[in-house]
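Let me begin by presenting the structure, written as structure tokens, before commenting on it.
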2 protein chains.
Amino acid sequence: MGERSRATTIADVAAHAGVSQASVSRVLNGKQTVDPAIVQRVQASIATLGYSPSVAARSLVHGRNDTIAMVVPDLENPLFQGILKGLSLAAASDGYRVLVADTAERVDDEEATAIEARHRCDAIVLCAPRMPEQRLRRLVEQVAPVVVVNRPLPDADVPIIGVDYVRGIRDLVEHLLGLGHRHLAYVSGPATSASNAERLRGVEEAEQVHPDLRIDVVPGGSRLEDGYALAEAVLGARDDGATAVIAFNDLVALGLMTRLRQLGVDVPGDLSIAGFDDVPMAGFATPSLTSMSVPRGEIGAQVWARLRTLIAGGPIEHSVLYRPRLEARESTGPVG
Amino acid sequence: MGERSRATTIADVAAHAGVSQASVSRVLNGKQTVDPAIVQRVQASIATLGYSPSVAARSLVHGRNDTIAMVVPDLENPLFQGILKGLSLAAASDGYRVLVADTAERVDDEEATAIEARHRCDAIVLCAPRMPEQRLRRLVEQVAPVVVVNRPLPDADVPIIGVDYVRGIRDLVEHLLGLGHRHLAYVSGPATSASNAERLRGVEEAEQVHPDLRIDVVPGGSRLEDGYALAEAVLGARDDGATAVIAFNDLVALGLMTRLRQLGVDVPGDLSIAGFDDVPMAGFATPSLTSMSVPRGEIGAQVWARLRTLIAGGPIEHSVLYRPRLEARESTGPVG
DNA sequence: CTGTTAGCGCCTTCAG
DNA sequence: CTGAAGGCGCTAACAG
């Protein structure tokens with residue numbers, strides 16, 4: 001930390017400038033009114049000595065770090081990457097830095113990781129899609145200030161920034177209904193994932209609202225490989241009458257499309273395919289992939305806005321649920 | 001940082017256990033031999049009081065943070081994501097955390113960002129593909145301990161973990177030569193990017209070694225959109241006689257393939273296409289994309305290994321250059 | 001083996 | 001407007 005060998009301290013600067021440490025501290029922080037002459041000398045000394053304050057000492061005095069942590073199950077997930085990027089840029093504009101804590105999908109480590117991260121930082125962002133709700137509730141109390149991302153947690157004292165997956169799925173179903181599809185397949189995500197549960201609720205609601213609609217659920221996954229491996233299962237659903245498929249996310253959809261093409265299935269001619277998340281690649285697939293767009297960077301920025309308020313001792317601001325936006329592309333077409 | 005409201009301190013624990021702070025500190029750090037009875041009491045007190053040490057105070061005393069920073073131009077680049085993931089996991093296994101500093105491609109901010117990050121951390125990892133060499137040299141001296149990633153910096157006192165792009169390109173060219181191609185096009189990356197310069201060197205070397213080989217350079221970019229927009233330019237090169245294309249990276253190659261397909265160009269029938277980096281999507285494109293695989297996670301782990309040694313006061317260990325591995329797939333085929 | 005004593009570098013009353 | 005003094009929480013000598 002700080003400099004190599006013994007760093008120059010505020011005392012050195014004070015001596016060099018012939019003033020007290022207090023004065024140096026004042027010009028450093030622009031506090032009170034300091035004699036312009038002193039300001040000059042101190043700044044000169046700081047420059048010639050190449051002094052810069054010790055963050056550790058500052059932290060000890062102030063009780064804060066200007067650092068927040070983001071706890072994620074997998075840094076390689078495009079959704080979390082986008083959120084991290086947005087969060088990191090927003091926080092940086094307020095002089096805060098973001099520390100990442102990747103739990104590598106080990107749900108059992110998440111609590112300890114979060115707590116440890118919280119000890120190092122002023123606040124944390126929690127992405128824990130698989131953690132059981134009760135554990136998460138306890139954890140959230142313990143590590144406040146905190147913002148939870150991408151999963152519901154009703155009536156908890158914590159801001160939640162999330163995506164309205166229920167609504168997103170329903171909108172996507174409407175799109176397919178509009179194209180004439182009446183029998184769909186939903187390729188689900190990880191069984192324990194909260195956002196998968198939300199999507200399933202969307203599926204159920206859609207079925208209730210549209211009695212003539214049928215949606216078969218096919219167990220799936222969350223990665224390209226999963227989608228690829230699921231092609232046969234999906235074809236089974238098609239043989240059952242499904243004319244369109246909604247995948248848990250774009251990666252699954254892309255992997256699925258790849259395999260379907262190998263199997264000679266025409267998309268969307270034989271089968272329509274839709275994904276979720278609108279990853280950058282979606283628009284460049286062949287056929288381009290219909291998806292539900294999620295504002296990843298914006299989510300990151302909102303997370304920071306909430307966290308900043310909390311750090312400043314402000315209230316727990318309202319949660320936000322972003323409504324995904326349909327990006328209708330070539331992979332979904334009229335039934336028939 | 002630390003707890004909410006006024007946190008319990010080591011003094012509280014000492015009082016509660018009826019011992020001195022020093023003893024508490026000792027059991028906390030497993031230092032010296034402490035009377036088992038005391039250990040018991042202290043641990044009990046720690047548990048009942050829910051005490052956990054202040055990292056800030058520790059940092060101040062030790063002069064370190066157990067935190068490193070990674071400075072990157074763009075967190076959304078798959079290469080850096082992979083490295084960050086590997087770095088973060090490796091560092092975590094030694095109790096270190098990683099803080100990210102995204103400079104959002106603003107080259108002029110990189111120095112300030114790196115220096116600021118260094119003040120907060122015990123060491124930094126520098127990814128600065130566009131920074132002019134002289135500036136980088138000065139910076140590297142200033143922020144040591146540091147490891148530089150993915151760009152050469154001859155004779156500098158810093159470990160470099162990189163990719164042998166020269167070799168990678170040459171191996172890729174050999175692959176295409178083996179397929180009978182004698183006239184290639186290289187779609188270049190960002191003009192100021194160090195790794196693009198390396199690739200260009202590979203191109204030049206290949207041309208020198210193979211007098212019958214011709215490689216036209218087409219100005220390009222680094223993203224999907226860039227590749228997409230470059231299709232016409234690439235077709236120009238093909239009309240000039242090129243039968244195969246090497247793209248700066250996979251994203252460019254994928255964007256290019258998308259557009260070519262729209263234009264009715266058969267890959268690899270009419271034109272072979274190869275990328276670089278072997279991103280996850282490469283194997284799932286249609287046709288699957290021939291690429292040069294780069295061990296992103298492994299690079300991150302090696303970066304940590306070097307950094308750990310430096311932090312411990314060890315020597316500047318040898319730099320490492322990973323040789324990309326050819327992943328020959330469907331997008332490259334025999335000429336004709 | 002344990003307690004006391006100094007700081008680590010900075011900020012912040014409180015006098016002057 | 002400025003300087004002196006104490007303390008943030010912890011660890012590392014140094015005595016006992």
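Each chain in the structure tokens gets a letter, A, B, ..., in the order shown, and its residues are numbered from 1; ligands are numbered from 1 in order too.
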List every residue of stretch 73-288 of chain B that DSSP, applied to the backbone of this structure, assigns to strand (DSSP E), and report them as an NGL selection string. :B and (97-102 or 123-126 or 146-149 or 160-163 or 183-187 or 214-218 or 244-247 or 272-274)
Just the residues within 9 Å of A:Glu141, please, counting only C-alpha atoms (C1' of nucleotides), with nothing from its chain fewer than 4 positions along; format it as a ChimeraX atom specification. /A:136-137,145-146,156-158
Generate a file of the selected residues that holds all heavy atoms, formatted as a compact mmCIF listing (two decimals), in the first residue's frame.
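Result file is result.txt:
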```txt
# COMPACT_ATOMS: atom_id res chain seq x y z
N LEU A 136 -30.47 -15.22 3.00
CA LEU A 136 -30.20 -13.93 2.39
C LEU A 136 -30.75 -12.79 3.26
O LEU A 136 -30.11 -11.76 3.44
CB LEU A 136 -30.81 -13.87 0.99
CG LEU A 136 -30.56 -12.57 0.23
CD1 LEU A 136 -29.07 -12.28 0.11
CD2 LEU A 136 -31.20 -12.61 -1.15
N ARG A 137 -31.92 -13.01 3.80
CA ARG A 137 -32.51 -11.97 4.65
C ARG A 137 -31.62 -11.67 5.85
O ARG A 137 -31.37 -10.52 6.20
CB ARG A 137 -33.89 -12.42 5.16
CG ARG A 137 -34.97 -12.29 4.13
CD ARG A 137 -36.32 -12.75 4.67
NE ARG A 137 -37.30 -12.77 3.60
CZ ARG A 137 -37.91 -11.68 3.16
NH1 ARG A 137 -37.65 -10.51 3.70
NH2 ARG A 137 -38.77 -11.77 2.16
N PRO A 145 -24.58 -1.18 4.98
CA PRO A 145 -25.41 -0.86 3.81
C PRO A 145 -25.17 -1.84 2.66
O PRO A 145 -24.04 -2.18 2.36
CB PRO A 145 -24.92 0.52 3.40
CG PRO A 145 -24.03 1.00 4.47
CD PRO A 145 -23.54 -0.17 5.21
N VAL A 146 -26.27 -2.21 2.04
CA VAL A 146 -26.17 -3.19 0.97
C VAL A 146 -27.31 -2.97 -0.03
O VAL A 146 -28.37 -2.45 0.32
CB VAL A 146 -26.24 -4.62 1.55
CG1 VAL A 146 -27.52 -4.81 2.32
CG2 VAL A 146 -26.12 -5.68 0.48
N ALA A 156 -38.04 -6.76 2.59
CA ALA A 156 -36.76 -6.67 3.28
C ALA A 156 -36.31 -5.21 3.29
O ALA A 156 -36.64 -4.44 2.40
CB ALA A 156 -35.72 -7.55 2.59
N ASP A 157 -35.57 -4.84 4.33
CA ASP A 157 -35.09 -3.46 4.43
C ASP A 157 -33.83 -3.28 3.60
O ASP A 157 -32.75 -3.05 4.13
CB ASP A 157 -34.79 -3.12 5.90
CG ASP A 157 -36.08 -2.88 6.66
OD1 ASP A 157 -37.10 -2.59 6.01
OD2 ASP A 157 -36.06 -2.98 7.89
N VAL A 158 -34.01 -3.34 2.31
CA VAL A 158 -32.86 -3.22 1.43
C VAL A 158 -33.36 -2.82 0.04
O VAL A 158 -34.40 -3.28 -0.41
CB VAL A 158 -32.10 -4.56 1.37
CG1 VAL A 158 -33.00 -5.66 0.86
CG2 VAL A 158 -30.86 -4.45 0.52
```
Long-range neighbours of stretch 4-15 of chain D as a tab-separated table (two decimals) with C-alpha atoms (C1' of nucleotides), in the first residue's frame, 12 Å cut-off, only C-alpha atoms (C1' of nucleotides), 5 positions minimum in chain:
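This went into result-v9.tsv:
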```tsv
chain	number	residue	atom	x	y	z
A	20	SER	CA	2.06	22.49	11.61
A	21	GLN	CA	0.55	19.22	10.50
A	22	ALA	CA	-2.83	20.69	11.14
A	23	SER	CA	-2.24	23.34	8.54
A	56	ALA	CA	-5.04	3.63	5.52
A	57	ALA	CA	-4.64	6.40	8.03
A	58	ARG	CA	-7.52	8.29	6.52
A	59	SER	CA	-9.66	5.18	6.66
A	60	LEU	CA	-8.87	4.68	10.29
A	61	VAL	CA	-9.83	8.22	11.18
A	62	HIS	CA	-12.90	8.49	9.01
A	63	GLY	CA	-14.15	5.00	9.40
A	64	ARG	CA	-14.55	4.63	5.68
B	2	GLY	CA	-16.43	-2.39	9.33
B	6	ARG	CA	-19.64	2.30	16.77
B	7	ALA	CA	-18.06	-1.07	16.36
B	8	THR	CA	-16.70	-3.20	19.13
B	9	THR	CA	-12.95	-2.89	19.36
B	10	ILE	CA	-10.16	-5.01	20.61
B	11	ALA	CA	-10.34	-3.04	23.83
B	12	ASP	CA	-13.90	-4.19	24.42
B	21	GLN	CA	-5.30	-5.98	24.33
B	22	ALA	CA	-1.99	-7.53	23.55
B	23	SER	CA	-3.28	-10.93	24.54
B	24	VAL	CA	-6.35	-10.53	22.43
B	25	SER	CA	-4.16	-9.50	19.54
B	26	ARG	CA	-2.05	-12.58	20.10
B	28	LEU	CA	-6.27	-13.21	17.05
B	29	ASN	CA	-3.06	-13.69	15.13
B	31	LYS	CA	1.22	-15.35	17.68
B	52	SER	CA	-14.07	-8.52	14.16
B	53	PRO	CA	-10.84	-6.57	13.73
B	54	SER	CA	-10.71	-3.28	11.90
B	55	VAL	CA	-9.01	-3.72	8.58
B	56	ALA	CA	-8.17	-0.04	8.49
B	57	ALA	CA	-6.22	-0.19	11.72
B	58	ARG	CA	-4.46	-3.31	10.57
B	59	SER	CA	-3.58	-1.67	7.29
B	60	LEU	CA	-2.15	1.31	9.05
B	61	VAL	CA	0.07	-0.82	11.22
B	62	HIS	CA	1.17	-3.29	8.60
B	63	GLY	CA	1.41	-0.93	5.73
C	2	DT	C1'	1.33	-11.57	29.98
C	3	DG	C1'	0.80	-6.59	30.43
C	4	DT	C1'	2.53	-1.91	29.43
C	5	DT	C1'	4.07	1.34	26.18
C	6	DA	C1'	4.75	3.37	21.85
C	7	DG	C1'	3.64	4.44	17.71
C	8	DC	C1'	1.42	3.51	12.31
C	9	DG	C1'	-0.47	8.66	9.60
C	10	DC	C1'	-4.03	11.44	9.80
C	11	DC	C1'	-7.83	14.49	11.45
C	12	DT	C1'	-10.04	17.33	14.81
C	13	DT	C1'	-11.23	19.54	18.83
C	14	DC	C1'	-9.38	23.12	21.61
C	15	DA	C1'	-6.61	26.86	22.98
C	16	DG	C1'	-3.93	30.74	21.57
```
Set the cut-off to 8 Å and count only C-alpha atoms: what are the residues of chain B that reach chain A? Output as a VMD selection string. chain B and resid 1 to 4 54 to 57 59 to 60 63 to 65 75 to 76 81 to 82 85 88 to 89 97 to 102 118 to 123 143 to 144 224 254 to 255 258 280 to 281 284 to 286
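For the pair atom CA of A:Arg167 and atom CA of A:Pro324, the separation is 7.7 Å.
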Work out how far apart atom CA of A:Ile316 and atom CA of A:Gln302 are and give it in Å to one decimal.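 Pair atom CA of A:Ile316 / atom CA of A:Gln302 returns 13.1 Å.
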So, counting only C-alpha atoms (C1' of nucleotides), which residue among A:Thr48, A:Ser331, A:Gln32, A:Ser193 is closest to chain D? A:Gln32
Identify, with DSSP run on backbone atoms, the residues in stretch 71-244 of chain A assigned to alpha helix (DSSP H), and express the list as a PyMOL selection string. chain A and resi 78-92+107-120+133-143+165-178+194-209+224-229+231-239
